[in-house]
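Shown next: protein_32.cif, containing mmCIF, C-alpha atoms.
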```cif
data_target
loop_
_atom_site.label_atom_id
_atom_site.label_comp_id
_atom_site.auth_asym_id
_atom_site.auth_seq_id
_atom_site.Cartn_x
_atom_site.Cartn_y
_atom_site.Cartn_z
CA GLU A 1 15.79 -36.43 -3.92
CA GLN A 2 13.37 -34.44 -1.72
CA VAL A 3 15.43 -31.28 -2.29
CA ARG A 4 15.39 -31.92 -6.04
CA GLU A 5 11.59 -32.32 -6.04
CA LYS A 6 11.22 -29.05 -4.12
CA PHE A 7 13.22 -27.10 -6.69
CA ILE A 8 11.77 -28.69 -9.84
CA HIS A 9 8.02 -28.58 -9.27
CA ALA A 10 6.52 -25.16 -9.95
CA ALA A 11 3.03 -23.67 -9.93
CA PRO A 12 2.09 -20.43 -11.71
CA ASN A 13 1.60 -17.41 -9.44
CA SER A 14 0.37 -13.82 -9.80
CA ALA A 15 3.61 -12.64 -11.44
CA TYR A 16 2.94 -14.83 -14.48
CA ARG A 17 0.42 -12.32 -15.83
CA LEU A 18 3.34 -9.95 -16.51
CA ILE A 19 5.40 -12.51 -18.39
CA GLU A 20 3.04 -14.76 -20.29
CA GLY A 21 1.43 -12.14 -22.54
CA SER A 22 2.73 -11.32 -25.99
CA ASP A 23 4.12 -7.90 -26.81
CA GLY A 24 0.93 -6.90 -28.58
CA GLU A 25 -2.21 -4.94 -27.83
CA LEU A 26 -3.96 -4.77 -24.50
CA SER A 27 -6.91 -7.06 -24.01
CA THR A 28 -10.41 -5.76 -24.68
CA GLU A 29 -11.16 -5.67 -20.97
CA GLU A 30 -8.05 -3.56 -20.27
CA GLU A 31 -8.87 -1.15 -23.09
CA GLU A 32 -12.41 -0.75 -21.80
CA SER A 33 -11.07 -0.09 -18.31
CA GLU A 34 -8.76 2.62 -19.67
CA ASP A 35 -11.66 4.17 -21.59
CA GLU A 36 -13.80 4.23 -18.45
CA ASP A 37 -11.02 5.95 -16.51
CA GLU A 38 -10.65 8.50 -19.31
CA SER A 39 -14.38 9.16 -19.44
CA ALA A 40 -14.48 9.81 -15.71
CA ALA A 41 -11.61 12.28 -16.05
CA ASN A 42 -13.41 14.01 -18.92
CA ALA A 43 -16.61 14.35 -16.91
CA SER A 44 -14.74 15.91 -14.02
CA LYS A 45 -12.98 18.35 -16.33
CA ALA A 46 -16.25 19.34 -17.97
CA ALA A 47 -17.78 20.17 -14.61
CA SER A 48 -14.87 22.43 -13.66
CA THR A 49 -14.14 24.22 -16.94
CA GLY A 50 -17.44 24.27 -18.77
CA MET A 51 -18.74 22.61 -21.89
CA PHE A 52 -16.94 24.93 -24.32
CA ALA A 53 -13.52 24.15 -22.87
CA MET A 54 -14.43 20.49 -22.84
CA PHE A 55 -15.43 20.67 -26.51
CA ASN A 56 -12.10 22.27 -27.43
CA ARG A 57 -10.24 19.67 -25.41
CA LEU A 58 -12.07 16.80 -27.08
CA THR A 59 -11.85 18.05 -30.63
CA GLY A 60 -8.20 19.05 -30.52
CA ARG A 61 -8.65 22.74 -31.31
CA HIS A 62 -5.45 23.96 -29.70
CA ASN A 63 -1.77 23.17 -29.47
CA LEU A 64 -0.51 21.68 -26.23
CA THR A 65 1.04 24.16 -23.83
CA ASP A 66 3.14 23.78 -20.71
CA GLU A 67 0.04 24.77 -18.73
CA ASP A 68 -1.89 21.88 -20.31
CA LEU A 69 0.86 19.35 -19.77
CA GLU A 70 2.28 20.17 -16.33
CA PRO A 71 -0.49 18.74 -14.10
CA ILE A 72 -0.84 15.58 -16.21
CA LEU A 73 2.91 15.00 -16.32
CA GLU A 74 3.09 15.39 -12.55
CA GLN A 75 0.34 12.80 -12.14
CA PHE A 76 2.18 10.27 -14.30
CA GLN A 77 5.48 11.01 -12.55
CA ASN A 78 3.81 10.18 -9.23
CA VAL A 79 2.38 6.98 -10.73
CA LEU A 80 5.84 5.87 -11.90
CA VAL A 81 7.41 6.61 -8.50
CA SER A 82 4.60 4.66 -6.80
CA LYS A 83 5.52 1.72 -9.05
CA ASN A 84 9.10 1.82 -7.72
CA VAL A 85 10.77 3.73 -10.56
CA ALA A 86 13.67 5.74 -9.12
CA ALA A 87 12.43 9.30 -8.52
CA ASP A 88 15.02 11.07 -10.67
CA ILE A 89 14.49 8.65 -13.56
CA ALA A 90 10.71 9.07 -13.37
CA GLU A 91 11.18 12.83 -13.57
CA LYS A 92 13.55 12.59 -16.54
CA LEU A 93 11.15 10.30 -18.40
CA VAL A 94 8.09 12.50 -18.03
CA ARG A 95 10.04 15.70 -18.73
CA SER A 96 11.38 14.16 -21.91
CA VAL A 97 7.87 13.22 -22.97
CA GLY A 98 6.61 16.71 -22.09
CA ALA A 99 9.30 18.32 -24.23
CA THR A 100 8.25 16.26 -27.25
CA LEU A 101 4.56 17.13 -26.79
CA GLU A 102 4.74 20.86 -26.08
CA GLY A 103 3.41 22.79 -29.07
CA LYS A 104 1.97 19.66 -30.65
CA ARG A 105 -1.58 19.93 -32.01
CA MET A 106 -3.84 17.41 -30.35
CA ASP A 107 -5.51 14.78 -32.48
CA SER A 108 -9.24 15.00 -32.93
CA MET A 109 -11.38 13.56 -30.11
CA THR A 110 -8.50 13.04 -27.68
CA THR A 111 -7.70 14.47 -24.26
CA VAL A 112 -4.45 15.80 -22.87
CA ARG A 113 -4.27 12.86 -20.49
CA SER A 114 -4.68 10.24 -23.22
CA THR A 115 -2.15 12.06 -25.42
CA VAL A 116 0.43 12.13 -22.61
CA ARG A 117 -0.29 8.53 -21.70
CA GLY A 118 0.19 7.41 -25.30
CA ALA A 119 3.49 9.26 -25.61
CA LEU A 120 4.75 7.88 -22.29
CA ASN A 121 3.64 4.39 -23.32
CA ASP A 122 5.71 4.72 -26.50
CA ALA A 123 8.73 6.08 -24.60
CA LEU A 124 8.67 3.24 -22.05
CA THR A 125 8.20 0.65 -24.78
CA ARG A 126 11.24 1.97 -26.65
CA LEU A 127 13.26 1.97 -23.43
CA LEU A 128 12.33 -1.57 -22.41
CA THR A 129 12.55 -3.14 -25.87
CA PRO A 130 16.01 -4.78 -26.08
CA LYS A 131 18.48 -3.13 -28.43
CA GLN A 132 20.46 -6.34 -28.71
CA SER A 133 19.59 -10.00 -28.93
CA THR A 134 18.13 -11.56 -25.79
CA GLU A 135 17.83 -14.95 -27.47
CA LEU A 136 20.30 -16.72 -25.23
CA LEU A 137 19.86 -20.12 -26.86
CA ALA A 138 20.62 -18.74 -30.33
CA ASP A 139 23.67 -16.90 -29.01
CA VAL A 140 24.96 -20.08 -27.35
CA GLU A 141 24.46 -22.07 -30.53
CA SER A 142 26.26 -19.44 -32.61
CA VAL A 143 29.34 -19.32 -30.36
CA VAL A 144 29.59 -23.08 -29.86
CA SER A 145 29.28 -23.90 -33.57
CA ALA A 146 31.47 -21.08 -34.89
CA GLN A 147 34.20 -20.88 -32.23
CA LYS A 148 34.21 -24.44 -30.88
CA ARG A 149 34.26 -23.30 -27.26
CA PRO A 150 31.81 -22.97 -24.36
CA TYR A 151 29.61 -19.89 -24.04
CA VAL A 152 30.48 -18.20 -20.71
CA ILE A 153 28.08 -16.28 -18.48
CA VAL A 154 29.25 -14.56 -15.29
CA PHE A 155 26.67 -13.74 -12.62
CA VAL A 156 27.39 -10.68 -10.44
CA GLY A 157 25.50 -8.71 -7.80
CA VAL A 158 25.36 -7.59 -4.20
CA ASN A 159 24.96 -9.93 -1.26
CA GLY A 160 21.77 -11.89 -0.77
CA VAL A 161 19.86 -11.10 -3.95
CA GLY A 162 19.55 -14.69 -5.19
CA LYS A 163 22.56 -14.83 -7.49
CA SER A 164 23.39 -18.53 -7.05
CA THR A 165 19.73 -19.51 -7.28
CA SER A 166 19.34 -17.47 -10.48
CA LEU A 167 22.39 -19.24 -11.89
CA ALA A 168 20.81 -22.59 -11.06
CA LYS A 169 17.53 -21.57 -12.72
CA THR A 170 19.45 -20.50 -15.82
CA CYS A 171 21.18 -23.88 -15.80
CA PHE A 172 17.80 -25.63 -15.69
CA TYR A 173 16.54 -23.46 -18.59
CA LEU A 174 19.60 -24.31 -20.70
CA LYS A 175 19.42 -28.02 -19.89
CA LYS A 176 15.73 -28.09 -20.76
CA HIS A 177 16.70 -26.83 -24.21
CA GLY A 178 19.34 -29.48 -24.71
CA LYS A 179 22.47 -27.58 -23.70
CA ARG A 180 25.33 -29.18 -21.77
CA VAL A 181 26.27 -27.01 -18.79
CA LEU A 182 29.14 -26.80 -16.32
CA ILE A 183 28.90 -24.65 -13.17
CA ALA A 184 32.01 -22.86 -11.90
CA ALA A 185 32.08 -22.09 -8.16
CA CYS A 186 34.08 -18.85 -8.14
CA ASP A 187 32.69 -17.50 -4.88
CA THR A 188 35.78 -18.44 -2.91
CA PHE A 189 34.95 -15.91 -0.21
CA ARG A 190 31.57 -16.72 1.40
CA ALA A 191 31.40 -19.73 3.71
CA GLY A 192 28.90 -22.27 2.36
CA ALA A 193 28.90 -20.92 -1.20
CA VAL A 194 30.53 -24.02 -2.69
CA GLU A 195 28.25 -26.34 -0.71
CA GLN A 196 25.20 -24.45 -1.98
CA LEU A 197 26.31 -24.96 -5.58
CA LYS A 198 27.08 -28.63 -4.89
CA THR A 199 23.43 -29.06 -3.91
CA HIS A 200 22.20 -27.29 -7.03
CA ALA A 201 24.58 -29.24 -9.29
CA ALA A 202 23.42 -32.54 -7.79
CA CYS A 203 19.76 -31.60 -8.25
CA LEU A 204 20.37 -30.46 -11.82
CA GLU A 205 22.67 -33.37 -12.60
CA VAL A 206 25.43 -31.19 -14.05
CA PRO A 207 29.17 -31.07 -13.29
CA LEU A 208 30.54 -28.52 -10.83
CA TYR A 209 34.09 -27.22 -10.86
CA HIS A 210 35.52 -25.74 -7.66
CA GLN A 211 38.78 -25.33 -5.77
CA GLY A 212 37.31 -24.66 -2.36
CA TYR A 213 37.88 -21.36 -0.56
CA GLY A 214 40.57 -18.70 -0.44
CA LYS A 215 41.63 -19.15 -4.07
CA ASP A 216 41.91 -16.52 -6.82
CA ALA A 217 38.46 -16.40 -8.43
CA ALA A 218 39.79 -15.40 -11.86
CA THR A 219 42.09 -18.42 -11.94
CA VAL A 220 39.29 -20.76 -10.84
CA ALA A 221 37.05 -19.44 -13.61
CA ARG A 222 39.78 -19.81 -16.23
CA GLU A 223 40.40 -23.43 -15.23
CA ALA A 224 36.67 -24.18 -15.25
CA ILE A 225 36.37 -22.79 -18.78
CA ARG A 226 39.36 -24.87 -19.90
CA ILE A 227 37.83 -28.03 -18.47
CA GLY A 228 34.47 -27.12 -19.98
CA ALA A 229 36.12 -26.91 -23.40
CA GLU A 230 37.81 -30.29 -22.87
CA GLN A 231 34.49 -31.87 -21.90
CA GLN A 232 32.75 -30.15 -24.84
CA VAL A 233 30.07 -28.48 -22.73
CA ASP A 234 28.01 -25.76 -24.37
CA VAL A 235 27.83 -23.29 -21.48
CA VAL A 236 29.92 -22.47 -18.41
CA LEU A 237 27.98 -20.59 -15.72
CA VAL A 238 30.29 -18.70 -13.37
CA ASP A 239 29.10 -17.88 -9.85
CA THR A 240 30.88 -14.99 -8.09
CA ALA A 241 31.01 -13.70 -4.55
CA GLY A 242 28.26 -11.31 -3.57
CA ARG A 243 29.80 -7.95 -2.82
CA MET A 244 28.57 -4.56 -1.80
CA GLN A 245 29.17 -2.13 -4.61
CA HIS A 246 31.54 0.05 -2.56
CA ASN A 247 33.84 -2.83 -1.49
CA GLU A 248 36.88 -1.94 -3.59
CA PRO A 249 39.01 -5.08 -3.04
CA LEU A 250 36.15 -7.38 -4.07
CA MET A 251 35.17 -5.15 -6.99
CA ARG A 252 38.80 -5.19 -8.15
CA ALA A 253 38.78 -9.01 -7.96
CA LEU A 254 35.57 -9.13 -10.01
CA ALA A 255 37.08 -6.85 -12.66
CA LYS A 256 40.10 -9.16 -12.82
CA LEU A 257 37.87 -12.22 -13.31
CA VAL A 258 36.06 -10.47 -16.18
CA SER A 259 39.26 -9.15 -17.76
CA VAL A 260 41.08 -12.50 -17.62
CA ASN A 261 38.20 -14.64 -18.88
CA GLN A 262 36.30 -12.31 -21.25
CA PRO A 263 32.85 -13.90 -20.73
CA ASP A 264 30.17 -13.70 -23.42
CA ARG A 265 27.64 -12.25 -20.99
CA ILE A 266 27.81 -10.51 -17.60
CA PHE A 267 24.45 -10.79 -15.88
CA PHE A 268 23.74 -8.43 -12.99
CA VAL A 269 21.32 -10.05 -10.54
CA GLY A 270 19.18 -7.61 -8.57
CA GLU A 271 15.95 -7.59 -6.63
CA ALA A 272 12.75 -6.35 -8.25
CA LEU A 273 11.88 -4.79 -4.87
CA VAL A 274 14.46 -2.02 -5.04
CA GLY A 275 14.18 1.35 -6.76
CA ASN A 276 16.88 3.95 -6.13
CA ASP A 277 19.20 1.30 -4.69
CA ALA A 278 19.23 -0.51 -8.01
CA VAL A 279 20.54 2.57 -9.79
CA ASP A 280 23.35 3.00 -7.28
CA GLN A 281 24.29 -0.70 -7.40
CA LEU A 282 24.37 -0.90 -11.17
CA SER A 283 26.18 2.39 -11.67
CA THR A 284 28.83 1.51 -9.11
CA PHE A 285 29.32 -2.02 -10.47
CA ASN A 286 29.79 -0.69 -13.99
CA LYS A 287 32.13 2.08 -12.82
CA ALA A 288 34.23 -0.41 -10.85
CA LEU A 289 34.43 -2.79 -13.83
CA ALA A 290 35.51 0.10 -16.04
CA ASP A 291 38.03 1.53 -13.56
CA HIS A 292 39.76 -1.78 -12.81
CA GLN A 293 40.18 -3.08 -16.36
CA THR A 294 43.02 -1.89 -18.56
CA ALA A 295 41.35 -2.61 -21.91
CA ALA A 296 40.40 0.35 -24.09
CA GLN A 297 36.82 -0.96 -24.14
CA PRO A 298 36.30 -2.66 -20.75
CA ARG A 299 33.57 -5.26 -20.41
CA LEU A 300 30.51 -4.02 -18.52
CA ILE A 301 27.18 -5.46 -17.44
CA ASP A 302 25.20 -6.49 -20.51
CA GLY A 303 22.13 -8.20 -19.08
CA ILE A 304 19.92 -8.05 -15.99
CA VAL A 305 18.18 -10.78 -14.02
CA LEU A 306 15.47 -9.52 -11.66
CA THR A 307 14.66 -11.75 -8.70
CA LYS A 308 11.58 -11.86 -6.44
CA PHE A 309 9.38 -10.62 -9.29
CA ASP A 310 6.50 -12.60 -7.78
CA THR A 311 6.52 -10.46 -4.62
CA ILE A 312 5.93 -7.00 -6.09
CA ASP A 313 2.42 -7.10 -7.63
CA ASP A 314 2.50 -4.23 -10.17
CA LYS A 315 5.41 -2.31 -8.62
CA VAL A 316 7.69 -3.19 -11.51
CA GLY A 317 9.63 0.08 -11.70
CA ALA A 318 13.01 -1.42 -10.78
CA ALA A 319 13.09 -2.82 -14.32
CA VAL A 320 12.81 0.70 -15.74
CA SER A 321 15.47 2.07 -13.38
CA MET A 322 17.96 -0.66 -14.23
CA VAL A 323 17.42 -0.55 -17.99
CA TYR A 324 17.53 3.27 -18.03
CA THR A 325 20.80 3.23 -16.07
CA THR A 326 22.67 0.67 -18.18
CA GLY A 327 20.86 0.61 -21.52
CA GLN A 328 20.95 -3.18 -21.15
CA PRO A 329 17.94 -5.52 -21.31
CA ILE A 330 16.13 -7.57 -18.71
CA ALA A 331 17.28 -11.07 -19.65
CA PHE A 332 15.12 -12.99 -17.17
CA VAL A 333 12.91 -12.50 -14.13
CA GLY A 334 12.61 -14.89 -11.22
CA VAL A 335 9.00 -15.56 -10.27
CA GLY A 336 9.21 -18.24 -7.60
CA GLN A 337 11.38 -20.68 -5.68
CA THR A 338 11.71 -23.54 -8.16
CA TYR A 339 14.03 -24.01 -11.10
CA MET A 340 11.14 -23.56 -13.52
CA ASP A 341 10.35 -20.09 -12.15
CA LEU A 342 12.59 -18.17 -14.55
CA ARG A 343 10.87 -16.34 -17.37
CA LYS A 344 11.20 -13.56 -19.92
CA VAL A 345 9.04 -10.51 -19.34
CA SER A 346 6.51 -9.10 -21.79
CA THR A 347 7.34 -5.48 -22.62
CA ALA A 348 3.70 -4.60 -23.35
CA ALA A 349 2.48 -6.09 -20.07
CA LEU A 350 5.26 -4.38 -18.14
CA VAL A 351 4.45 -0.96 -19.61
CA HIS A 352 0.74 -1.43 -18.94
CA ALA A 353 1.49 -2.29 -15.29
CA LEU A 354 3.67 0.82 -14.97
CA LEU A 355 1.02 3.21 -16.28
CA LYS A 356 -2.01 1.69 -14.62
CA ALA A 357 -2.98 4.01 -11.78
#
```
Spell out the structure here as structure tokens.
Amino acid sequence: EQVREKFIHAAPNSAYRLIEGSDGELSTEEEESEDEDESAANASKAASTGMFAMFNRLTGRHNLTDEDLEPILEQFQNVLVSKNVAADIAEKLVRSVGATLEGKRMDSMTTVRSTVRGALNDALTRLLTPKQSTELLADVESVVSAQKRPYVIVFVGVNGVGKSTSLAKTCFYLKKHGKRVLIAACDTFRAGAVEQLKTHAACLEVPLYHQGYGKDAATVAREAIRIGAEQQVDVVLVDTAGRMQHNEPLMRALAKLVSVNQPDRIFFVGEALVGNDAVDQLSTFNKALADHQTAAQPRLIDGIVLTKFDTIDDKVGAAVSMVYTTGQPIAFVGVGQTYMDLRKVSTAALVHALLKA
């Protein structure tokens, strides 16, 4: 009971400011802060180039050139890298924005910096806005009602990123919204993995299916899904062994589990702290899944869960790196140690944090 209380009681922390806001406009205070920063930049530019150049810059009397854009793009590239965006992805993003702006006539009463910032804001917003549904509850309801079977989510990732805990938080979220859940313990490799899930299942008061250790994970998952269908649960959450992305035998076993069971979602769980590592992990996981499945269209990662989001302040660039690499959305972020600390992220707040110097 003490363990259950520890996991269930949550208090908001600093990360909540990135997830609670709506995907709308910045607050008045944030807009004023941006304007003040812009005014300071304008004053500095006026001192160095003279009032006539400043007048032209403010009134938009010329088309943007590479000479205009290069120093500003470099500044924003450095800002993105400082926020933990992978260096090569930051460069590609700003170069893409620069290519769209070169030759463009500036709007009246704007600066090069504000023009670049606006274009980069739009580009990041398009990137981070999901291209597919992230409404997990609606997806579950659709599958359960139409196909009369459980909705299956497989959680994958490298060792020690909080995969089992993220699964447990997802279970809590689903239960809170009235869904019946079964957990499948398919990490048959790591000592203590089953016991960890037994603790979570007891705290969450949901059934757990396991066969102990040393068994074929794909077979365990298939049996869990069969039992879930018999018991008329809505969702089966499948835990898998943490594996380094270059461990071929374990990656082959993961591909087999996916191929045999054809889950509805494959969630990659990664830390919000990483930058370049996230790109390597995701790319290698997807490549391994593709290489070790025989289907013409192999199943790949189609959702991302970022853990330790409460530890990074505004260094949120791992989200950009992961979404850019896979084209798949951030499904949830973990913002604390309790079951309640699983949230969706606000795209507008995330982009603002990325661009705030």
Mind working out the centre and edge lengths of an axis-aligned box for range 60-71 of chain A, all listed atoms inside, 3 Å added to each side, rounded to one decimal in Å and written as lines of an AutoDock Vina configuration file?
```
center_x = -2.8
center_y = 21.8
center_z = -22.7
size_x = 17.8
size_y = 12.0
size_z = 23.2
```
Expected selection from the PyMOL selection byres ((chain A and resi 322-325) around 10), given as a ChimeraX atom specification = /A:85-86,89,93,124,127-130,268,270,272,274-283,303-304,306,317-321,326-330
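Closest to Gln231 in chain A among A:Pro207, A:Gly178, A:Pro298, A:Gly192 is A:Pro207, based on all atoms listed in the file.
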Run the PyMOL selection byres ((chain A and resi 105) around 6) against the file shown and list the residues it catches, as a ChimeraX atom specification.
-> /A:63,104,106
Could you write out the selected residues, including C-alpha atoms, as a compact mmCIF listing (two decimals), in the frame of the given file?
```txt
# COMPACT_ATOMS: atom_id res chain seq x y z
CA ASN A 63 -1.77 23.17 -29.47
CA LYS A 104 1.97 19.66 -30.65
CA MET A 106 -3.84 17.41 -30.35
```
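If you measure from each of A:Asn78, A:Thr165, A:Ser259, A:Thr199 to Thr294 in chain A using all atoms listed in the file, the closest one turns out to be A:Ser259.
What separates CA of Thr284 in chain A from CA of Ala217 in chain A is a distance of 20.3 Å.
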